[in-house]
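The file structure.txt contains compact mmCIF, C-alpha atoms:
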# COMPACT_ATOMS: atom_id res chain seq x y z
CA MET W 1099 112.28 92.94 62.08
CA LEU W 1100 109.37 95.18 62.86
CA GLN W 1101 110.61 95.85 66.38
CA ASN W 1102 113.75 97.53 65.09
CA ASP W 1103 111.83 100.16 63.17
CA PRO W 1104 110.23 102.60 65.61
CA SER W 1105 107.82 103.97 62.99
CA GLN W 1106 106.35 100.48 62.61
CA ASN W 1107 106.22 99.69 66.32
CA PRO W 1108 102.75 100.22 67.80
CA ALA W 1109 104.39 100.57 71.22
CA GLU W 1110 105.96 103.89 70.20
CA PRO W 1111 103.30 106.36 69.00
CA ILE W 1112 104.67 109.16 66.85
CA PRO W 1113 104.02 112.62 68.37
CA GLY W 1114 101.80 114.86 66.26
CA PRO W 1115 101.78 118.68 66.06
CA ASP W 1116 99.12 118.85 68.83
CA ASP W 1117 101.32 117.06 71.34
CA THR W 1118 102.73 119.43 73.95
CA HIS W 1119 104.03 118.82 77.47
CA LEU W 1120 101.15 120.87 78.90
CA ARG W 1121 98.57 118.78 77.02
CA TRP W 1122 100.01 115.51 78.32
CA LEU W 1123 100.40 116.93 81.84
CA LEU W 1124 96.68 117.79 81.76
CA ARG W 1125 95.89 114.31 80.45
CA GLY W 1126 97.87 112.83 83.34
CA ILE W 1127 95.82 114.96 85.75
CA GLY W 1128 92.72 113.67 83.95
CA ALA W 1129 93.84 110.08 84.52
CA ALA W 1130 93.68 110.84 88.26
CA PHE W 1131 89.89 111.12 87.83
CA SER W 1132 89.29 107.55 86.70
CA ILE W 1133 87.80 104.39 88.15
CA PRO W 1134 91.17 103.11 89.45
CA ALA W 1135 91.74 106.49 91.13
CA LEU W 1136 88.24 106.40 92.68
CA ILE W 1137 88.99 102.95 94.06
CA LEU W 1138 92.27 104.21 95.49
CA MET W 1139 90.41 107.07 97.18
CA SER W 1140 88.06 104.59 98.83
CA SER W 1141 91.12 102.69 100.11
CA PHE W 1142 92.37 105.97 101.57
CA ILE W 1143 89.05 106.36 103.36
CA GLY W 1144 89.84 102.99 104.92
CA PHE W 1145 93.39 104.09 105.78
CA ALA W 1146 92.18 107.36 107.32
CA ALA W 1147 89.67 105.39 109.42
CA LEU W 1148 92.56 103.24 110.66
CA ALA W 1149 94.64 106.35 111.46
CA VAL W 1150 91.76 107.89 113.42
CA GLU W 1151 91.36 104.65 115.42
CA SER W 1152 95.11 104.60 116.11
CA GLY W 1153 95.01 108.08 117.61
CA LEU W 1154 96.99 109.92 114.92
CA SER W 1155 96.17 113.61 114.45
CA MET W 1156 94.80 114.87 111.14
CA ALA W 1157 98.01 116.80 110.40
CA HIS W 1158 100.17 113.70 110.99
CA ALA W 1159 97.96 111.50 108.77
CA VAL W 1160 97.91 114.07 105.94
CA PHE W 1161 101.69 114.59 106.22
CA MET W 1162 102.22 110.82 106.12
CA THR W 1163 100.11 110.60 102.95
CA ALA W 1164 102.33 113.18 101.25
CA VAL W 1165 105.76 111.83 102.25
CA VAL W 1166 105.16 108.05 102.29
CA TRP W 1167 102.35 107.73 99.73
CA ALA W 1168 102.45 103.91 99.31
CA LEU W 1169 99.42 102.54 101.15
CA PRO W 1170 100.88 99.25 102.51
CA ALA W 1171 103.87 101.17 103.93
CA LYS W 1172 101.52 103.61 105.67
CA VAL W 1173 99.45 100.80 107.15
CA VAL W 1174 102.65 99.25 108.55
CA LEU W 1175 103.82 102.64 109.88
CA VAL W 1176 100.50 103.33 111.62
CA GLY W 1177 100.62 99.82 113.09
CA ALA W 1178 104.13 100.42 114.43
CA ILE W 1179 103.12 103.78 115.92
CA ALA W 1180 100.00 102.30 117.52
CA ALA W 1181 102.06 99.44 119.01
CA GLY W 1182 104.48 101.99 120.52
CA ASN W 1183 107.46 100.69 118.51
CA GLY W 1184 110.69 102.67 118.57
CA ILE W 1185 111.81 104.67 115.55
CA ALA W 1186 114.45 102.06 114.54
CA ALA W 1187 112.02 99.11 114.61
CA ALA W 1188 109.38 101.15 112.76
CA THR W 1189 111.89 102.17 110.08
CA PHE W 1190 112.99 98.57 109.62
CA ALA W 1191 109.40 97.28 109.31
CA VAL W 1192 108.39 99.97 106.82
CA ALA W 1193 111.58 99.49 104.78
CA LEU W 1194 110.96 95.73 104.61
CA SER W 1195 107.36 96.25 103.50
CA SER W 1196 108.51 98.67 100.78
CA ILE W 1197 111.30 96.72 99.08
CA ARG W 1198 108.92 96.07 96.17
CA LEU W 1199 109.09 99.81 95.32
CA GLY W 1200 112.68 99.23 94.12
CA PRO W 1201 111.89 96.68 91.36
CA MET W 1202 108.67 98.58 90.51
CA VAL W 1203 110.69 101.75 89.82
CA VAL W 1204 113.35 99.77 87.94
CA ALA W 1205 110.61 98.39 85.69
CA LEU W 1206 108.95 101.81 85.20
CA VAL W 1207 111.98 104.05 84.56
CA PRO W 1208 112.93 102.63 81.13
CA GLU W 1209 109.24 102.93 80.09
CA ILE W 1210 108.79 106.62 80.93
CA ARG W 1211 112.33 107.88 80.27
CA GLY W 1212 112.86 109.78 77.03
CA PRO W 1213 116.20 110.44 75.33
CA ARG W 1214 116.41 113.92 76.88
CA THR W 1215 114.88 113.19 80.29
CA ARG W 1216 116.96 114.63 83.14
CA ARG W 1217 117.95 112.51 86.11
CA TRP W 1218 116.35 114.75 88.78
CA VAL W 1219 113.01 114.52 86.99
CA LEU W 1220 113.09 110.73 87.34
CA TYR W 1221 114.03 110.97 91.05
CA MET W 1222 111.10 113.34 91.59
CA LEU W 1223 108.65 111.16 89.65
CA ALA W 1224 109.82 108.05 91.53
CA HIS W 1225 108.19 109.42 94.69
CA PHE W 1226 104.79 109.02 92.99
CA VAL W 1227 105.32 105.27 92.51
CA ALA W 1228 102.83 103.14 94.41
CA VAL W 1229 100.67 100.27 93.20
CA THR W 1230 97.83 102.26 91.58
CA SER W 1231 99.90 104.78 89.63
CA TRP W 1232 102.38 102.05 88.68
CA VAL W 1233 99.67 99.75 87.30
CA LEU W 1234 98.01 102.70 85.48
CA ALA W 1235 101.35 103.73 83.99
CA MET W 1236 102.31 100.20 82.90
CA GLN W 1237 98.90 99.95 81.17
CA GLU W 1238 98.77 103.37 79.53
CA VAL W 1239 102.33 104.47 78.90
CA ARG W 1240 102.82 102.66 75.59
CA SER W 1241 100.01 104.68 74.02
CA ILE W 1242 101.80 107.94 74.92
CA PRO W 1243 104.57 109.42 72.75
CA ARG W 1244 107.86 108.85 74.58
CA ASP W 1245 108.80 112.52 74.97
CA PHE W 1246 105.61 113.23 76.93
CA ARG W 1247 105.51 110.22 79.26
CA THR W 1248 107.23 112.03 82.16
CA ALA W 1249 104.79 114.97 81.88
CA TRP W 1250 101.84 112.56 81.90
CA TYR W 1251 103.13 110.59 84.88
CA GLY W 1252 103.95 113.78 86.80
CA GLY W 1253 100.40 115.06 86.31
CA LEU W 1254 98.93 111.72 87.35
CA GLY W 1255 101.15 111.18 90.41
CA ALA W 1256 100.96 114.72 91.82
CA SER W 1257 97.18 114.89 91.49
CA LEU W 1258 96.67 111.45 93.04
CA ILE W 1259 98.70 112.48 96.10
CA LEU W 1260 96.95 115.85 96.47
CA LEU W 1261 93.47 114.32 96.04
CA ASN W 1262 94.13 111.66 98.65
CA MET W 1263 95.60 114.17 101.13
CA MET W 1264 92.21 115.89 100.85
CA VAL W 1265 90.38 112.57 101.24
CA VAL W 1266 92.28 111.80 104.46
CA ALA W 1267 91.53 115.27 105.86
CA ALA W 1268 87.84 114.89 104.92
CA VAL W 1269 87.56 111.54 106.72
CA TYR W 1270 88.91 113.14 109.91
CA MET W 1271 86.04 115.62 109.70
CA VAL W 1272 83.30 112.97 109.31
CA ALA W 1273 84.94 110.14 111.32
CA ASP W 1274 82.79 107.69 113.30
CA VAL W 1275 79.72 107.87 111.06
CA LEU W 1276 80.59 104.92 108.78
CA PRO W 1277 78.90 101.57 109.66
CA PRO W 1278 81.35 98.59 109.87
CA SER W 1279 79.91 96.87 106.77
CA VAL W 1280 80.59 99.99 104.68
CA SER W 1281 84.15 100.23 106.04
CA ALA W 1282 84.72 96.54 105.25
CA ALA W 1283 83.42 96.99 101.69
CA LEU W 1284 85.70 100.03 101.23
CA PHE W 1285 88.75 98.15 102.56
CA PHE W 1286 87.91 95.28 100.17
CA LEU W 1287 88.00 97.51 97.07
CA THR W 1288 91.78 97.81 97.12
CA PRO W 1289 92.68 94.09 96.84
CA LEU W 1290 89.87 93.54 94.31
CA TYR W 1291 91.11 96.34 92.11
CA PHE W 1292 94.78 95.28 92.37
CA LEU W 1293 93.79 91.67 91.65
CA THR W 1294 92.10 92.52 88.35
CA SER W 1295 94.32 95.36 87.13
CA LEU W 1296 97.62 93.62 87.91
CA TRP W 1297 96.58 90.75 85.63
CA GLY W 1298 95.83 93.20 82.81
CA SER W 1299 99.13 95.08 83.20
CA ALA W 1300 101.34 92.01 82.64
CA ARG W 1301 103.72 92.45 79.71
CA GLU W 1302 104.23 88.74 79.10
CA ARG W 1303 102.84 85.37 80.15
CA ALA W 1304 105.52 85.16 82.87
CA GLY W 1305 103.82 88.15 84.55
CA HIS W 1306 100.70 86.04 85.07
CA VAL W 1307 102.78 83.19 86.45
CA ALA W 1308 104.51 85.62 88.84
CA MET W 1309 101.16 87.00 89.96
CA VAL W 1310 99.61 83.59 90.72
CA LEU W 1311 102.78 82.48 92.56
CA GLY W 1312 102.79 85.72 94.56
CA LEU W 1313 99.13 85.32 95.53
CA LEU W 1314 99.68 81.75 96.74
CA LEU W 1315 103.13 82.23 98.33
CA GLY W 1316 102.37 85.57 100.02
CA PRO W 1317 100.14 84.29 102.84
CA VAL W 1318 102.24 81.11 103.24
CA MET W 1319 105.46 83.10 103.60
CA ALA W 1320 103.69 85.49 106.01
CA MET W 1321 103.23 82.51 108.33
CA VAL W 1322 106.67 80.98 107.77
CA THR W 1323 108.80 84.13 107.96
CA PRO W 1324 106.65 87.16 108.88
CA ASP W 1325 109.49 89.70 108.72
CA PHE W 1326 110.79 88.71 105.30
CA ALA W 1327 107.55 87.43 103.74
CA LEU W 1328 107.29 89.98 100.91
CA LEU W 1329 110.97 89.79 100.02
CA ALA W 1330 110.95 85.97 100.03
CA THR W 1331 107.76 85.83 97.95
CA GLY W 1332 109.14 88.30 95.41
CA LEU W 1333 112.41 86.44 94.98
CA VAL W 1334 110.97 82.90 94.89
CA GLY W 1335 107.93 83.82 92.75
CA GLY W 1336 109.89 86.20 90.53
CA PHE W 1337 112.74 83.80 89.76
CA ALA W 1338 110.33 80.89 89.20
CA ALA W 1339 108.26 82.96 86.75
CA TYR W 1340 111.44 84.11 84.99
CA GLY W 1341 112.51 80.45 84.74
CA PHE W 1342 109.15 79.74 83.10
CA HIS W 1343 109.78 82.64 80.70
CA ARG W 1344 113.19 81.27 79.64
CA TYR W 1345 111.89 77.72 79.39
CA SER W 1346 108.82 78.51 77.27
CA ARG W 1347 110.87 80.71 74.95
CA ARG W 1348 113.45 78.00 74.40
CA LYS W 1349 110.65 75.50 73.71
CA LYS W 1350 109.31 77.78 70.99
CA GLY W 1351 112.80 77.89 69.52
CA VAL W 1352 113.16 81.66 69.90
CA ASN W 1353 116.64 82.47 71.08
CA PRO W 1354 117.57 85.86 72.54
CA MET R 86 112.23 106.32 121.00
CA SER R 87 108.54 105.82 120.22
CA PHE R 88 106.12 108.17 118.43
CA GLY R 89 105.10 109.77 121.74
CA ALA R 90 108.59 109.70 123.32
CA ILE R 91 109.43 113.39 122.88
CA ASP R 92 106.85 116.00 123.77
CA ALA R 93 107.59 118.46 120.98
CA TRP R 94 105.54 119.39 117.92
CA TRP R 95 108.32 118.41 115.51
CA TRP R 96 109.06 114.92 116.87
CA PRO R 97 106.10 113.07 115.25
CA TYR R 98 107.00 114.67 111.91
CA LEU R 99 110.65 113.62 112.27
CA PHE R 100 109.46 110.12 113.19
CA ILE R 101 107.26 109.96 110.05
CA LEU R 102 110.09 111.36 107.89
CA VAL R 103 112.60 108.73 109.07
CA ALA R 104 110.36 105.68 109.47
CA GLY R 105 108.08 106.61 106.57
CA TRP R 106 109.69 108.80 103.94
CA LEU R 107 113.30 107.57 104.25
CA ALA R 108 112.20 103.92 104.49
CA THR R 109 110.18 104.13 101.26
CA ASP R 110 111.90 106.70 99.04
CA SER R 111 115.32 105.05 99.53
CA TRP R 112 114.00 102.07 97.55
CA ARG R 113 112.42 104.33 94.92
CA PHE R 114 115.66 106.31 94.45
CA LEU R 115 117.69 103.10 94.30
CA GLY R 116 115.23 101.95 91.62
CA VAL R 117 115.86 105.10 89.53
CA TYR R 118 119.61 104.59 89.84
CA LEU R 119 119.46 100.93 88.78
CA GLY R 120 116.68 101.43 86.20
CA GLY R 121 118.71 104.14 84.48
CA GLN R 122 121.32 101.55 83.56
CA LEU R 123 118.84 99.41 81.59
CA SER R 124 117.05 99.79 78.26
CA ASP R 125 113.38 98.80 78.22
CA ASP R 126 113.88 95.64 76.16
CA ALA R 127 116.64 94.24 78.37
CA ASP R 128 115.95 90.62 79.29
CA ILE R 129 116.79 91.31 82.95
CA LEU R 130 113.70 93.57 83.03
CA VAL R 131 111.49 90.52 82.54
CA LEU R 132 112.99 89.16 85.76
CA VAL R 133 112.59 92.51 87.55
CA ARG R 134 108.97 92.79 86.41
CA CYS R 135 108.33 89.21 87.60
CA ILE R 136 109.79 90.02 91.05
CA ALA R 137 107.80 93.28 91.30
CA THR R 138 104.61 91.52 90.20
CA ALA R 139 105.07 88.68 92.71
CA LEU R 140 105.71 91.24 95.49
CA VAL R 141 102.57 93.24 94.64
CA ALA R 142 100.55 90.01 94.39
CA ALA R 143 101.77 89.07 97.88
CA VAL R 144 100.60 92.46 99.21
CA ILE R 145 97.18 91.82 97.60
CA ALA R 146 96.90 88.30 99.03
CA ASN R 147 97.78 89.54 102.52
CA LEU R 148 95.20 92.34 102.29
CA ILE R 149 92.60 89.59 101.66
CA VAL R 150 93.89 86.84 103.97
CA SER R 151 94.99 88.94 106.95
CA PRO R 152 93.44 92.42 106.63
CA SER R 153 93.25 95.14 109.27
CA GLY R 154 90.30 97.28 110.38
CA ALA R 155 86.66 96.44 109.71
CA LEU R 156 87.46 93.82 107.07
CA ALA R 157 89.21 91.69 109.73
CA ASP R 158 85.79 91.00 111.32
CA VAL R 159 84.50 89.39 108.10
CA PRO R 160 85.07 85.57 107.97
CA ALA R 161 88.20 84.59 105.98
CA ILE R 162 86.29 82.15 103.77
CA LEU R 163 83.97 84.97 102.69
CA ARG R 164 86.86 87.31 101.91
CA VAL R 165 88.78 84.73 99.87
CA GLY R 166 85.61 83.42 98.16
CA ALA R 167 84.36 86.90 97.17
CA ALA R 168 87.80 87.91 95.86
CA ALA R 169 88.18 84.67 93.87
CA ALA R 170 84.68 85.04 92.39
CA GLY R 171 85.40 88.66 91.44
CA PHE R 172 88.67 87.67 89.76
CA VAL R 173 87.10 84.76 87.83
CA THR R 174 84.27 87.07 86.70
CA TYR R 175 86.90 89.56 85.50
CA LEU R 176 88.59 86.83 83.44
CA LEU R 177 85.30 85.50 81.99
CA SER R 178 83.89 88.95 81.19
CA GLY R 179 86.72 89.70 78.79
CA HIS R 180 88.95 91.52 81.33
CA ARG R 181 86.39 94.06 82.53
CA ILE R 182 87.82 95.39 85.80
CA LEU R 183 84.61 97.09 86.92
CA VAL R 184 82.48 93.94 86.44
CA GLY R 185 84.92 91.86 88.49
CA ILE R 186 84.98 94.44 91.29
CA LEU R 187 81.18 94.76 91.42
CA VAL R 188 80.69 90.97 91.66
CA GLY R 189 83.33 90.64 94.40
CA GLU R 190 81.87 93.54 96.41
CA ALA R 191 78.27 92.29 95.99
CA LEU R 192 79.19 88.83 97.29
CA LEU R 193 81.09 90.32 100.26
CA LEU R 194 78.16 92.55 101.26
CA LEU R 195 75.60 89.74 100.75
CA GLY R 196 77.75 87.47 102.93
CA ILE R 197 78.03 90.12 105.66
CA PHE R 198 74.26 90.68 105.75
CA PHE R 199 73.35 86.98 105.69
CA ALA R 200 75.94 86.09 108.33
CA ALA R 201 74.65 88.82 110.64

Can I see the file as structure tokens?
Amino acid sequence: MLQNDPSQNPAEPIPGPDDTHLRWLLRGIGAAFSIPALILMSSFIGFAALAVESGLSMAHAVFMTAVVWALPAKVVLVGAIAAGNGIAAATFAVALSSIRLGPMVVALVPEIRGPRTRRWVLYMLAHFVAVTSWVLAMQEVRSIPRDFRTAWYGGLGASLILLNMMVVAAVYMVADVLPPSVSAALFFLTPLYFLTSLWGSARERAGHVAMVLGLLLGPVMAMVTPDFALLATGLVGGFAAYGFHRYSRRKKGVNP
Amino acid sequence: MSFGAIDAWWWPYLFILVAGWLATDSWRFLGVYLGGQLSDDADILVLVRCIATALVAAVIANLIVSPSGALADVPAILRVGAAAAGFVTYLLSGHRILVGILVGEALLLLGIFFAA
């Protein structure tokens, strides 16, 4: 089979003499100056506006961007702080909203790990995982020679975080000048971008099924069980889509 | 013990570290630990990808259906309609992300100005 021969597999490009870790690190940094990254920055303008409204200081908002990074988790954290929640309740809410980071990292690690990749490198790179860099990586990583995938992702993740720390600080300096319609349009960019790019990053048909189920179940579950909505949606939608995957494969007569 | 409970410079940072960093990076580190046990063609990864995709899709849907900030003041029907139109345009335009986003944004802004 073609898949068993790496030299014939288009998913595994063969490194050439020009390929160095520095070159792929720089390419990763370059990927942080792309349309998806611009859209993410506009979402961070929206987040920073929310943080200003909630009474957070600039230093706290910038620090939060560095150590939390994932945007939905930060929105939940700012909400908990604004509501005067205690540290235990805030931790629980943020942890619940961030469970998805676990399966996202599980899916990404085998893609970016090379035969000689050290464990601590993966733990460090995992901090960069959030929706935008994850979707970018799942789209791009198969066109990168395996040995250089960690360098590329490190360049991408570190520059995205640094750029958006600057964006948050900049918003604090110009706060209160944005009209509401502009803020609304900026907030809207994030779901629009995720909606289109998530579809394109699916590895198999089941990914599309999972996405549609997640879109429909998400708001329903948020009404039924607000605290466990994301977890419930992920499990129900994920297992249903996986069932579809097994079923359609058996129908085609392809056995694992 | 709320964010403003202790009047010391370090308390808000500790609060963000525990409720923010610990609550998110624990999942990421657990993911590295579990992901290290799998090869990238393992069948279980299809399931994991499906769960991750459904979770991210739920985050997207909630950003549209129950957003925070300025977007919350826009009628729900306009938000859902503009997002759906943007997504359909993306599919019909041969998976051009930028085209889908521009159509969705244009409809949202048109709706805001005509509703006002």

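Rounded to one decimal, CA of Pro1324 in chain W and CA of Arg1198 in chain W lie 15.7 Å from each other.
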
Write out, as CSV, each residue of chain R that has an atom at most 7 Å from chain W, together with the closest pair of atoms and their distance in Å to one decimal, counting all atoms listed in the file, rows going by chain and rising number.
residue,atom,partner,partner_atom,distance
R:Met86,CA,W:Gly1184,CA,4.6
R:Ser87,CA,W:Gly1184,CA,4.2
R:Phe88,CA,W:Ile1179,CA,5.9
R:Tyr98,CA,W:His1158,CA,7.0
R:Phe100,CA,W:Ile1185,CA,6.4
R:Ile101,CA,W:Met1162,CA,6.4
R:Val103,CA,W:Thr1189,CA,6.7
R:Ala104,CA,W:Thr1189,CA,3.9
R:Gly105,CA,W:Val1166,CA,5.4
R:Trp106,CA,W:Val1166,CA,4.9
R:Ala108,CA,W:Ala1193,CA,4.5
R:Thr109,CA,W:Ser1196,CA,5.7
R:Asp110,CA,W:His1225,CA,6.3
R:Trp112,CA,W:Gly1200,CA,4.6
R:Arg113,CA,W:Gly1200,CA,5.2
R:Phe114,CA,W:Tyr1221,CA,6.0
R:Leu115,CA,W:Gly1200,CA,6.3
R:Gly116,CA,W:Gly1200,CA,4.5
R:Val117,CA,W:Val1204,CA,6.1
R:Leu119,CA,W:Val1204,CA,6.3
R:Gly120,CA,W:Val1204,CA,4.1
R:Gly121,CA,W:Val1207,CA,6.7
R:Leu123,CA,W:Pro1208,CA,6.7
R:Ser124,CA,W:Pro1208,CA,5.8
R:Asp125,CA,W:Pro1208,CA,4.8
R:Leu130,CA,W:Ala1205,CA,6.3
R:Val131,CA,W:Tyr1340,CA,6.9
R:Leu132,CA,W:Tyr1340,CA,5.3
R:Val133,CA,W:Pro1201,CA,5.7
R:Arg134,CA,W:Ala1205,CA,5.9
R:Cys135,CA,W:Gly1336,CA,4.5
R:Ile136,CA,W:Gly1336,CA,3.9
R:Ala137,CA,W:Pro1201,CA,5.3
R:Thr138,CA,W:Met1309,CA,5.7
R:Ala139,CA,W:Gly1312,CA,4.2
R:Leu140,CA,W:Gly1332,CA,4.5
R:Ala142,CA,W:Gly1312,CA,4.8
R:Ala143,CA,W:Gly1316,CA,4.1
R:Ile145,CA,W:Pro1289,CA,5.1
R:Ala146,CA,W:Leu1313,CA,5.1
R:Asn147,CA,W:Pro1317,CA,5.8
R:Leu148,CA,W:Pro1289,CA,6.3
R:Ile149,CA,W:Pro1289,CA,6.6
R:Val150,CA,W:Pro1317,CA,6.8
R:Gly154,CA,W:Leu1148,CA,6.4
R:Ala155,CA,W:Ala1282,CA,4.9
R:Leu156,CA,W:Ala1282,CA,4.3
R:Ala168,CA,W:Leu1290,CA,6.2
R:Phe172,CA,W:Thr1294,CA,6.1
R:Tyr175,CA,W:Thr1294,CA,6.6
R:Ile182,CA,W:Thr1294,CA,5.7
R:Ile186,CA,W:Leu1290,CA,5.8
R:Glu190,CA,W:Ala1283,CA,6.5
R:Leu194,CA,W:Ala1283,CA,6.9

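When all atoms listed in the file are used to compute distances to Val1233 in chain W, the closest of the residues W:Leu1138, W:Val1219, W:Phe1131, W:Ser1346 turns out to be W:Leu1138.
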